[in-house]
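S.K.: Have a peek at my_file-v6.pdb (PDB, C-alpha atoms).
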```pdb
ATOM      1  CA  MET A   1      21.892  -8.571  -2.148
ATOM      2  CA  GLN A   2      24.008  -6.762   0.438
ATOM      3  CA  ILE A   3      23.464  -4.114   3.080
ATOM      4  CA  TYR A   4      26.101  -1.417   3.403
ATOM      5  CA  LYS A   5      26.521   0.919   6.385
ATOM      6  CA  VAL A   6      27.702   4.380   5.342
ATOM      7  CA  LYS A   7      31.020   5.474   6.820
ATOM      8  CA  LYS A   8      32.539   8.903   7.232
ATOM      9  CA  GLY A   9      33.899  10.150   3.921
ATOM     10  CA  ASP A  10      31.749   7.833   1.800
ATOM     11  CA  THR A  11      30.153   9.058  -1.395
ATOM     12  CA  LEU A  12      27.622   7.300  -3.566
ATOM     13  CA  THR A  13      30.183   7.034  -6.371
ATOM     14  CA  LYS A  14      32.755   5.468  -4.059
ATOM     15  CA  ILE A  15      30.277   2.918  -2.712
ATOM     16  CA  ALA A  16      28.963   2.092  -6.176
ATOM     17  CA  LYS A  17      32.473   1.453  -7.506
ATOM     18  CA  ALA A  18      33.333  -0.823  -4.582
ATOM     19  CA  TYR A  19      30.214  -2.959  -5.112
ATOM     20  CA  ARG A  20      30.118  -3.078  -8.925
ATOM     21  CA  THR A  21      26.987  -1.013  -9.268
ATOM     22  CA  THR A  22      26.096   2.564 -10.205
ATOM     23  CA  PRO A  23      25.158   5.681  -8.239
ATOM     24  CA  TYR A  24      21.874   5.674 -10.162
ATOM     25  CA  SER A  25      21.008   2.144  -8.986
ATOM     26  CA  LEU A  26      21.843   2.979  -5.386
ATOM     27  CA  THR A  27      19.688   6.084  -5.582
ATOM     28  CA  LEU A  28      16.830   4.202  -7.238
ATOM     29  CA  TYR A  29      16.666   1.136  -4.993
ATOM     30  CA  ASN A  30      17.151   3.138  -1.815
ATOM     31  CA  GLN A  31      14.791   5.959  -2.804
ATOM     32  CA  LEU A  32      17.414   8.547  -1.900
ATOM     33  CA  SER A  33      15.972  12.047  -2.072
ATOM     34  CA  ASN A  34      19.415  13.661  -1.696
ATOM     35  CA  PRO A  35      22.098  11.199  -2.882
ATOM     36  CA  ASP A  36      24.850  13.796  -2.431
ATOM     37  CA  ASN A  37      24.167  14.020   1.290
ATOM     38  CA  LEU A  38      24.620  10.575   2.844
ATOM     39  CA  SER A  39      24.381  10.192   6.607
ATOM     40  CA  VAL A  40      27.017   8.282   8.556
ATOM     41  CA  GLY A  41      25.412   5.086   9.827
ATOM     42  CA  GLU A  42      22.779   5.062   7.088
ATOM     43  CA  HIS A  43      22.139   1.614   5.618
ATOM     44  CA  LEU A  44      21.970   1.119   1.864
ATOM     45  CA  LEU A  45      20.547  -1.837  -0.042
ATOM     46  CA  ILE A  46      22.918  -2.984  -2.773
ATOM     47  CA  LEU A  47      21.436  -5.026  -5.595
ATOM     48  CA  ASN A  48      23.512  -6.312  -8.504
ATOM     49  CA  PRO A  49      21.524  -7.223 -11.623
ATOM     50  CA  LYS A  50      21.901 -10.792 -12.845
ATOM     51  CA  GLU A  51      19.832 -10.577 -16.029
ATOM     52  CA  ILE A  52      19.167  -7.414 -18.042
ATOM     53  CA  TYR A  53      16.713  -7.018 -20.892
ATOM     54  CA  TYR A  54      16.200  -4.194 -23.385
ATOM     55  CA  VAL A  55      12.661  -3.519 -24.561
ATOM     56  CA  LYS A  56      11.884  -4.152 -28.236
ATOM     57  CA  GLN A  57       9.394  -2.291 -30.396
ATOM     58  CA  GLY A  58       5.793  -3.300 -29.698
ATOM     59  CA  GLU A  59       6.492  -5.245 -26.505
ATOM     60  CA  THR A  60       4.535  -4.857 -23.290
ATOM     61  CA  LEU A  61       5.732  -5.452 -19.748
ATOM     62  CA  ALA A  62       3.266  -8.325 -19.410
ATOM     63  CA  GLN A  63       4.755 -10.035 -22.481
ATOM     64  CA  ILE A  64       8.314  -9.507 -21.267
ATOM     65  CA  ALA A  65       7.462 -10.905 -17.837
ATOM     66  CA  GLU A  66       5.796 -13.975 -19.346
ATOM     67  CA  ASN A  67       8.699 -14.590 -21.733
ATOM     68  CA  HIS A  68      11.129 -14.584 -18.811
ATOM     69  CA  GLY A  69       9.007 -16.724 -16.511
ATOM     70  CA  ILE A  70       8.296 -14.091 -13.871
ATOM     71  CA  SER A  71       5.171 -12.241 -12.819
ATOM     72  CA  LEU A  72       4.367  -8.746 -14.006
ATOM     73  CA  TRP A  73       4.456  -7.555 -10.400
ATOM     74  CA  LYS A  74       7.937  -9.015  -9.884
ATOM     75  CA  LEU A  75       9.153  -7.222 -13.002
ATOM     76  CA  LEU A  76       7.716  -3.971 -11.661
ATOM     77  CA  GLN A  77       9.336  -4.564  -8.259
ATOM     78  CA  ASN A  78      12.692  -5.041  -9.963
ATOM     79  CA  ASN A  79      12.258  -1.784 -11.874
ATOM     80  CA  PRO A  80      10.860   0.928  -9.565
ATOM     81  CA  GLN A  81      11.758   3.572 -12.144
ATOM     82  CA  ILE A  82       8.625   2.536 -14.067
ATOM     83  CA  VAL A  83       5.837   4.843 -12.979
ATOM     84  CA  ASN A  84       3.153   3.449 -15.299
ATOM     85  CA  TYR A  85       3.502  -0.037 -16.711
ATOM     86  CA  ASP A  86       1.626   0.979 -19.875
ATOM     87  CA  LEU A  87       4.387   3.438 -20.715
ATOM     88  CA  ILE A  88       7.605   1.713 -21.796
ATOM     89  CA  TYR A  89       9.763   2.409 -24.830
ATOM     90  CA  PRO A  90      12.109   0.509 -27.189
ATOM     91  CA  GLY A  91      15.611   0.270 -25.799
ATOM     92  CA  GLN A  92      14.529   0.752 -22.200
ATOM     93  CA  ARG A  93      16.709  -1.203 -19.779
ATOM     94  CA  LEU A  94      14.912  -3.628 -17.476
ATOM     95  CA  VAL A  95      16.257  -5.764 -14.655
ATOM     96  CA  ILE A  96      14.845  -9.285 -14.898
ATOM     97  CA  SER A  97      16.616 -10.691 -11.835
ATOM     98  CA  PHE A  98      19.300  -9.890  -9.265
ATOM     99  CA  GLU A  99      22.285 -11.821  -7.966
ATOM    100  CA  ASP A 100      21.847 -13.519  -4.588
ATOM    101  CA  SER A 101      18.397 -12.055  -4.049
ATOM    102  CA  PRO A 102      16.472 -14.115  -1.462
ATOM    103  CA  GLU A 103      12.806 -14.713  -2.170
ATOM    104  CA  ARG A 104      10.228 -14.532   0.611
ATOM    105  CA  THR A 105       6.457 -14.454   0.521
ATOM    106  CA  ILE A 106       4.845 -11.944   2.853
ATOM    107  CA  SER A 107       1.652  -9.902   2.902
ATOM    108  CA  VAL A 108       2.148  -6.131   2.894
ATOM    109  CA  ILE A 109      -0.503  -3.516   3.707
ATOM    110  CA  GLY A 110      -0.078   0.112   2.693
ATOM    111  CA  TYR A 111      -2.185   3.145   3.615
ATOM    112  CA  ALA A 112      -3.143   5.990   1.276
ATOM    113  CA  TYR A 113      -5.184   9.166   1.344
ATOM    114  CA  PRO A 114      -7.387   9.889  -1.695
ATOM    115  CA  ASN A 115      -5.135  12.833  -2.606
ATOM    116  CA  ILE A 116      -1.952  10.727  -2.765
ATOM    117  CA  ASP A 117       0.416  11.580  -5.604
ATOM    118  CA  ARG A 118      -0.543   9.108  -8.325
ATOM    119  CA  ASP A 119       3.050   8.466  -9.424
ATOM    120  CA  ILE A 120       4.009   7.521  -5.864
ATOM    121  CA  LEU A 121       0.932   5.302  -5.662
ATOM    122  CA  ARG A 122       1.797   3.421  -8.867
ATOM    123  CA  GLN A 123       5.428   2.972  -7.839
ATOM    124  CA  THR A 124       4.352   1.552  -4.483
ATOM    125  CA  LEU A 125       1.474  -0.724  -5.499
ATOM    126  CA  PRO A 126       3.663  -3.509  -6.983
ATOM    127  CA  TYR A 127       5.031  -4.105  -3.464
ATOM    128  CA  LEU A 128       1.625  -4.205  -1.758
ATOM    129  CA  THR A 129      -0.764  -7.057  -1.125
ATOM    130  CA  TYR A 130      -3.465  -4.705   0.166
ATOM    131  CA  LEU A 131      -4.110  -0.980  -0.113
ATOM    132  CA  THR A 132      -6.023   0.558   2.810
ATOM    133  CA  ILE A 133      -7.730   3.819   1.878
ATOM    134  CA  PHE A 134      -8.118   6.452   4.621
ATOM    135  CA  SER A 135     -10.804   7.189   5.694
ATOM    136  CA  TYR A 136     -14.561   6.936   5.905
ATOM    137  CA  GLY A 137     -16.254   8.714   8.796
ATOM    138  CA  PHE A 138     -19.864   8.434   9.896
ATOM    139  CA  THR A 139     -22.730  10.482  11.297
ATOM    140  CA  ASN A 140     -24.807  10.168  14.453
ATOM    141  CA  GLU A 141     -27.323   8.188  12.386
ATOM    142  CA  GLY A 142     -24.738   5.640  11.248
ATOM    143  CA  GLU A 143     -24.555   7.044   7.711
ATOM    144  CA  LEU A 144     -21.142   6.984   6.051
ATOM    145  CA  LEU A 145     -19.252  10.142   5.139
ATOM    146  CA  LYS A 146     -18.175   9.250   1.620
ATOM    147  CA  ILE A 147     -14.705   9.849   0.195
ATOM    148  CA  ASP A 148     -13.345  10.041  -3.345
ATOM    149  CA  ASP A 149     -11.859   6.548  -3.462
ATOM    150  CA  GLU A 150     -12.914   5.097  -6.831
ATOM    151  CA  GLU A 151      -9.639   5.859  -8.624
ATOM    152  CA  LEU A 152      -7.513   4.392  -5.834
ATOM    153  CA  ILE A 153      -9.597   1.214  -5.772
ATOM    154  CA  ALA A 154      -9.255   0.875  -9.547
ATOM    155  CA  GLU A 155      -5.491   1.393  -9.418
ATOM    156  CA  ALA A 156      -5.131  -1.166  -6.615
ATOM    157  CA  LYS A 157      -7.007  -3.752  -8.671
ATOM    158  CA  ARG A 158      -4.961  -2.892 -11.754
ATOM    159  CA  TYR A 159      -1.771  -3.668  -9.859
ATOM    160  CA  GLY A 160      -3.138  -6.810  -8.231
ATOM    161  CA  ALA A 161      -3.640  -5.382  -4.737
ATOM    162  CA  GLY A 162      -6.839  -5.791  -2.725
ATOM    163  CA  ALA A 163      -8.571  -2.608  -1.555
ATOM    164  CA  ILE A 164      -9.325  -2.347   2.176
ATOM    165  CA  MET A 165     -11.967   0.105   3.371
ATOM    166  CA  LEU A 166     -10.973   2.053   6.484
ATOM    167  CA  VAL A 167     -13.576   3.492   8.856
ATOM    168  CA  SER A 168     -12.662   5.804  11.712
ATOM    169  CA  ALA A 169     -14.643   7.920  14.153
ATOM    170  CA  LEU A 170     -14.310  11.031  12.033
ATOM    171  CA  THR A 171     -16.930  13.742  12.183
ATOM    172  CA  GLU A 172     -18.169  15.802   9.258
ATOM    173  CA  ASN A 173     -15.519  18.356  10.281
ATOM    174  CA  GLY A 174     -12.782  15.784   9.732
ATOM    175  CA  ALA A 175     -11.815  15.440  13.404
ATOM    176  CA  PHE A 176     -11.553  12.257  15.500
ATOM    177  CA  SER A 177     -14.344  12.052  18.067
ATOM    178  CA  ASN A 178     -14.373   9.580  20.938
ATOM    179  CA  GLU A 179     -17.895  10.813  21.725
ATOM    180  CA  LEU A 180     -19.074   9.758  18.249
ATOM    181  CA  ALA A 181     -17.371   6.395  18.679
ATOM    182  CA  SER A 182     -19.067   5.975  22.061
ATOM    183  CA  ARG A 183     -22.498   6.629  20.569
ATOM    184  CA  LEU A 184     -21.977   3.921  17.978
ATOM    185  CA  ILE A 185     -20.521   1.483  20.492
ATOM    186  CA  ASN A 186     -23.525   1.852  22.794
ATOM    187  CA  SER A 187     -26.388   2.146  20.313
ATOM    188  CA  PRO A 188     -27.687  -1.075  18.674
ATOM    189  CA  GLU A 189     -29.934   0.995  16.380
ATOM    190  CA  MET A 190     -27.037   3.127  15.177
ATOM    191  CA  GLN A 191     -24.979  -0.018  14.709
ATOM    192  CA  ASN A 192     -27.669  -1.555  12.508
ATOM    193  CA  SER A 193     -27.534   1.420  10.154
ATOM    194  CA  PHE A 194     -23.733   1.614  10.305
ATOM    195  CA  ILE A 195     -23.144  -2.068   9.508
ATOM    196  CA  LYS A 196     -25.714  -2.021   6.697
ATOM    197  CA  ASN A 197     -24.070   1.028   5.114
ATOM    198  CA  VAL A 198     -20.562  -0.378   5.482
ATOM    199  CA  ILE A 199     -21.449  -3.648   3.771
ATOM    200  CA  GLU A 200     -23.394  -1.939   0.988
ATOM    201  CA  ASN A 201     -20.478   0.415   0.326
ATOM    202  CA  MET A 202     -17.942  -2.421   0.279
ATOM    203  CA  LYS A 203     -20.009  -4.322  -2.261
ATOM    204  CA  GLU A 204     -20.641  -1.256  -4.406
ATOM    205  CA  LYS A 205     -17.036  -0.071  -4.455
ATOM    206  CA  GLY A 206     -15.329  -3.464  -4.675
ATOM    207  CA  TYR A 207     -13.567  -3.494  -1.311
ATOM    208  CA  ILE A 208     -12.438  -6.906  -0.088
ATOM    209  CA  GLY A 209     -11.951  -6.139   3.614
ATOM    210  CA  LEU A 210     -12.433  -3.620   6.393
ATOM    211  CA  ASP A 211     -10.087  -1.806   8.773
ATOM    212  CA  MET A 212     -11.647  -0.198  11.859
ATOM    213  CA  ASP A 213      -9.578   2.634  13.317
ATOM    214  CA  PHE A 214     -11.249   3.967  16.457
ATOM    215  CA  GLU A 215      -8.813   5.972  18.566
ATOM    216  CA  PHE A 216      -8.984   6.972  22.239
ATOM    217  CA  ILE A 217     -12.015   4.859  23.093
ATOM    218  CA  TYR A 218     -13.387   5.515  26.576
ATOM    219  CA  PRO A 219     -12.277   2.823  29.066
ATOM    220  CA  GLN A 220     -15.888   2.186  30.066
ATOM    221  CA  ASP A 221     -16.718   1.357  26.434
ATOM    222  CA  ALA A 222     -14.171  -1.465  26.124
ATOM    223  CA  ALA A 223     -16.562  -4.388  26.604
ATOM    224  CA  ALA A 224     -19.267  -2.907  24.378
ATOM    225  CA  TYR A 225     -16.669  -2.120  21.707
ATOM    226  CA  ALA A 226     -15.512  -5.726  21.699
ATOM    227  CA  LYS A 227     -19.123  -6.804  21.129
ATOM    228  CA  LEU A 228     -19.449  -4.359  18.212
ATOM    229  CA  ILE A 229     -16.278  -5.688  16.631
ATOM    230  CA  SER A 230     -17.465  -9.280  17.063
ATOM    231  CA  ARG A 231     -20.836  -8.454  15.543
ATOM    232  CA  LEU A 232     -19.315  -6.637  12.592
ATOM    233  CA  LYS A 233     -16.764  -9.375  11.994
ATOM    234  CA  ASN A 234     -19.473 -12.042  11.921
ATOM    235  CA  ARG A 235     -21.522 -10.057   9.407
ATOM    236  CA  LEU A 236     -18.501  -9.514   7.156
ATOM    237  CA  ASN A 237     -17.609 -13.194   7.318
ATOM    238  CA  GLU A 238     -21.179 -14.071   6.354
ATOM    239  CA  GLU A 239     -20.836 -11.822   3.315
ATOM    240  CA  GLY A 240     -17.553 -13.484   2.330
ATOM    241  CA  PHE A 241     -15.262 -10.521   2.917
ATOM    242  CA  PHE A 242     -11.603 -10.781   3.815
ATOM    243  CA  PRO A 243     -11.155 -11.138   7.616
ATOM    244  CA  PHE A 244     -10.783  -7.630   8.861
ATOM    245  CA  ARG A 245      -8.256  -6.117  11.210
ATOM    246  CA  CYS A 246      -8.856  -3.608  13.966
ATOM    247  CA  PRO A 247      -6.037  -1.410  15.272
ATOM    248  CA  CYS A 248      -7.533  -0.015  18.455
ATOM    249  CA  ALA A 249      -6.210   2.599  20.854
TER     250      ALA A 249
END
```
The structure in this file should be written as structure tokens.
M.R.:
Amino acid sequence: MQIYKVKKGDTLTKIAKAYRTTPYSLTLYNQLSNPDNLSVGEHLLILNPKEIYYVKQGETLAQIAENHGISLWKLLQNNPQIVNYDLIYPGQRLVISFEDSPERTISVIGYAYPNIDRDILRQTLPYLTYLTIFSYGFTNEGELLKIDDEELIAEAKRYGAGAIMLVSALTENGAFSNELASRLINSPEMQNSFIKNVIENMKEKGYIGLDMDFEFIYPQDAAAYAKLISRLKNRLNEEGFFPFRCPCA
């Protein structure tokens, strides 16, 4: 694995030839939307395949991964051209491993709206540990404003990623409201309904964790907000959910 910094006069073909790769590979692994228009100073990831495999009739990606001693997700990561791992064909070229490719274990969280392009979603999921789905809102009574998230949750599970439920202070009009957040922060009764509905929804939908995204909280609500977060975290821990995170502004 190498990183190349584009110089004046460089072309993808010139760079590919110098590093024993192809313009297609450079475009693929760097997700270049316009490979004919490189920017000076742009950094490119250069990966040289070490082991190549060609799909045989009747094989599945899971079988190929197992036969080569790697995980299905690693095989998908090595081959981002695969949009749907159920759709492969005989003779298709797959990269099993790369030369000098360091291995590290990290957790990666991605965010998605329910209307995300499904091909982009499936190409991204092999690289994710968790998929956070944006966003549930709530009413003045602590009821959740539901979203169409079932398909995204199912796809996340299919690709081995955990689904994280995101709740923000969104009104029924789809706008952020610090006034709505303040009502929840300062109303134990509203909190009771809110927490009950959040936990029921997580269980019903198959979420494993929660992300609270309350923006522009009033300064005077800071202490009460911390108490809400502590209360919610304790309830989620009691229910066995993944420890949640709370980006606050």
S.K.: Skipping near chain neighbours, those fewer than 5 positions away, what residues fall within 8 Å of Pro80 in chain A using all atoms listed in the file, listed as a PyMOL selection string?
M.R.: chain A and resi 28-29+123
S.K.: Name the residues in contact with Tyr111 in chain A at a cut-off of 6 Å, using all atoms listed in the file, excluding same-chain residues fewer than 4 positions from it; report them as a list in words.
M.R.: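 These residues fall inside the cut-off: Leu131, Thr132 and Ile133 of chain A.
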S.K.: Taking the file as shown, what set of residues would the PyMOL selection byres ((chain A and resi 157-174) around 6) give back, as a list in words?
M.R.: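 This file gives the following for the PyMOL selection byres ((chain A and resi 157-174) around 6): Thr129, Tyr130, Leu131, Thr132, Ile133, Phe134, Ser135, Tyr136, Gly137, Ile153, Ala154, Glu155, Ala156, Ala175, Phe176, Ser177, Ala181, Tyr207, Ile208, Gly209, Leu210, Asp211, Met212, Asp213 and Phe214 of chain A.
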S.K.: Measure the distance from CA of Asn79 in chain A to CA of Leu94 in chain A in Å and round it to one decimal.
M.R.: 6.5 Å
S.K.: A:Gln63, A:Asn140, A:Asp148, A:Gln81: which is nearest Ile116 in chain A, counting only C-alpha atoms?
M.R.: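 Going through A:Gln63, A:Asn140, A:Asp148, A:Gln81 one by one, the smallest distance to Ile116 in chain A is for A:Asp148.
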S.K.: Taking all atoms of range 115-128 of chain A that the file lists, what box with edges along x, y and z, padded by 6 Å per side, do you get, with centre and edge lengths in Å to one decimal, as lines of an AutoDock Vina configuration file?
M.R.:
```
center_x = 0.1
center_y = 4.3
center_z = -5.6
size_x = 22.6
size_y = 29.0
size_z = 19.7
```
S.K.: Applying the PyMOL selection byres ((chain A and resi 127) around 9) to the file I just gave you, which residues come out? Please list them as a list in words.
M.R.: Trp73, Lys74, Leu76, Gln77, Val108, Gln123, Thr124, Leu125, Pro126, Leu128, Thr129 and Ala161 of chain A
S.K.: Create the file for the chosen residues now, containing C-alpha atoms and written as a PDB file, keeping the file's coordinate frame.
M.R.:
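part_18.pdb, written as the output of this step:
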```pdb
ATOM      1  CA  TRP A  73       4.456  -7.555 -10.400  1.00  0.00           C
ATOM      2  CA  LYS A  74       7.937  -9.015  -9.884  1.00  0.00           C
ATOM      3  CA  LEU A  76       7.716  -3.971 -11.661  1.00  0.00           C
ATOM      4  CA  GLN A  77       9.336  -4.564  -8.259  1.00  0.00           C
ATOM      5  CA  VAL A 108       2.148  -6.131   2.894  1.00  0.00           C
ATOM      6  CA  GLN A 123       5.428   2.972  -7.839  1.00  0.00           C
ATOM      7  CA  THR A 124       4.352   1.552  -4.483  1.00  0.00           C
ATOM      8  CA  LEU A 125       1.474  -0.724  -5.499  1.00  0.00           C
ATOM      9  CA  PRO A 126       3.663  -3.509  -6.983  1.00  0.00           C
ATOM     10  CA  LEU A 128       1.625  -4.205  -1.758  1.00  0.00           C
ATOM     11  CA  THR A 129      -0.764  -7.057  -1.125  1.00  0.00           C
ATOM     12  CA  ALA A 161      -3.640  -5.382  -4.737  1.00  0.00           C
TER      13      ALA A 161
END
```
S.K.: Interatomic distance between CA of Leu72 in chain A and CA of Ser97 in chain A?
M.R.: 12.6 Å
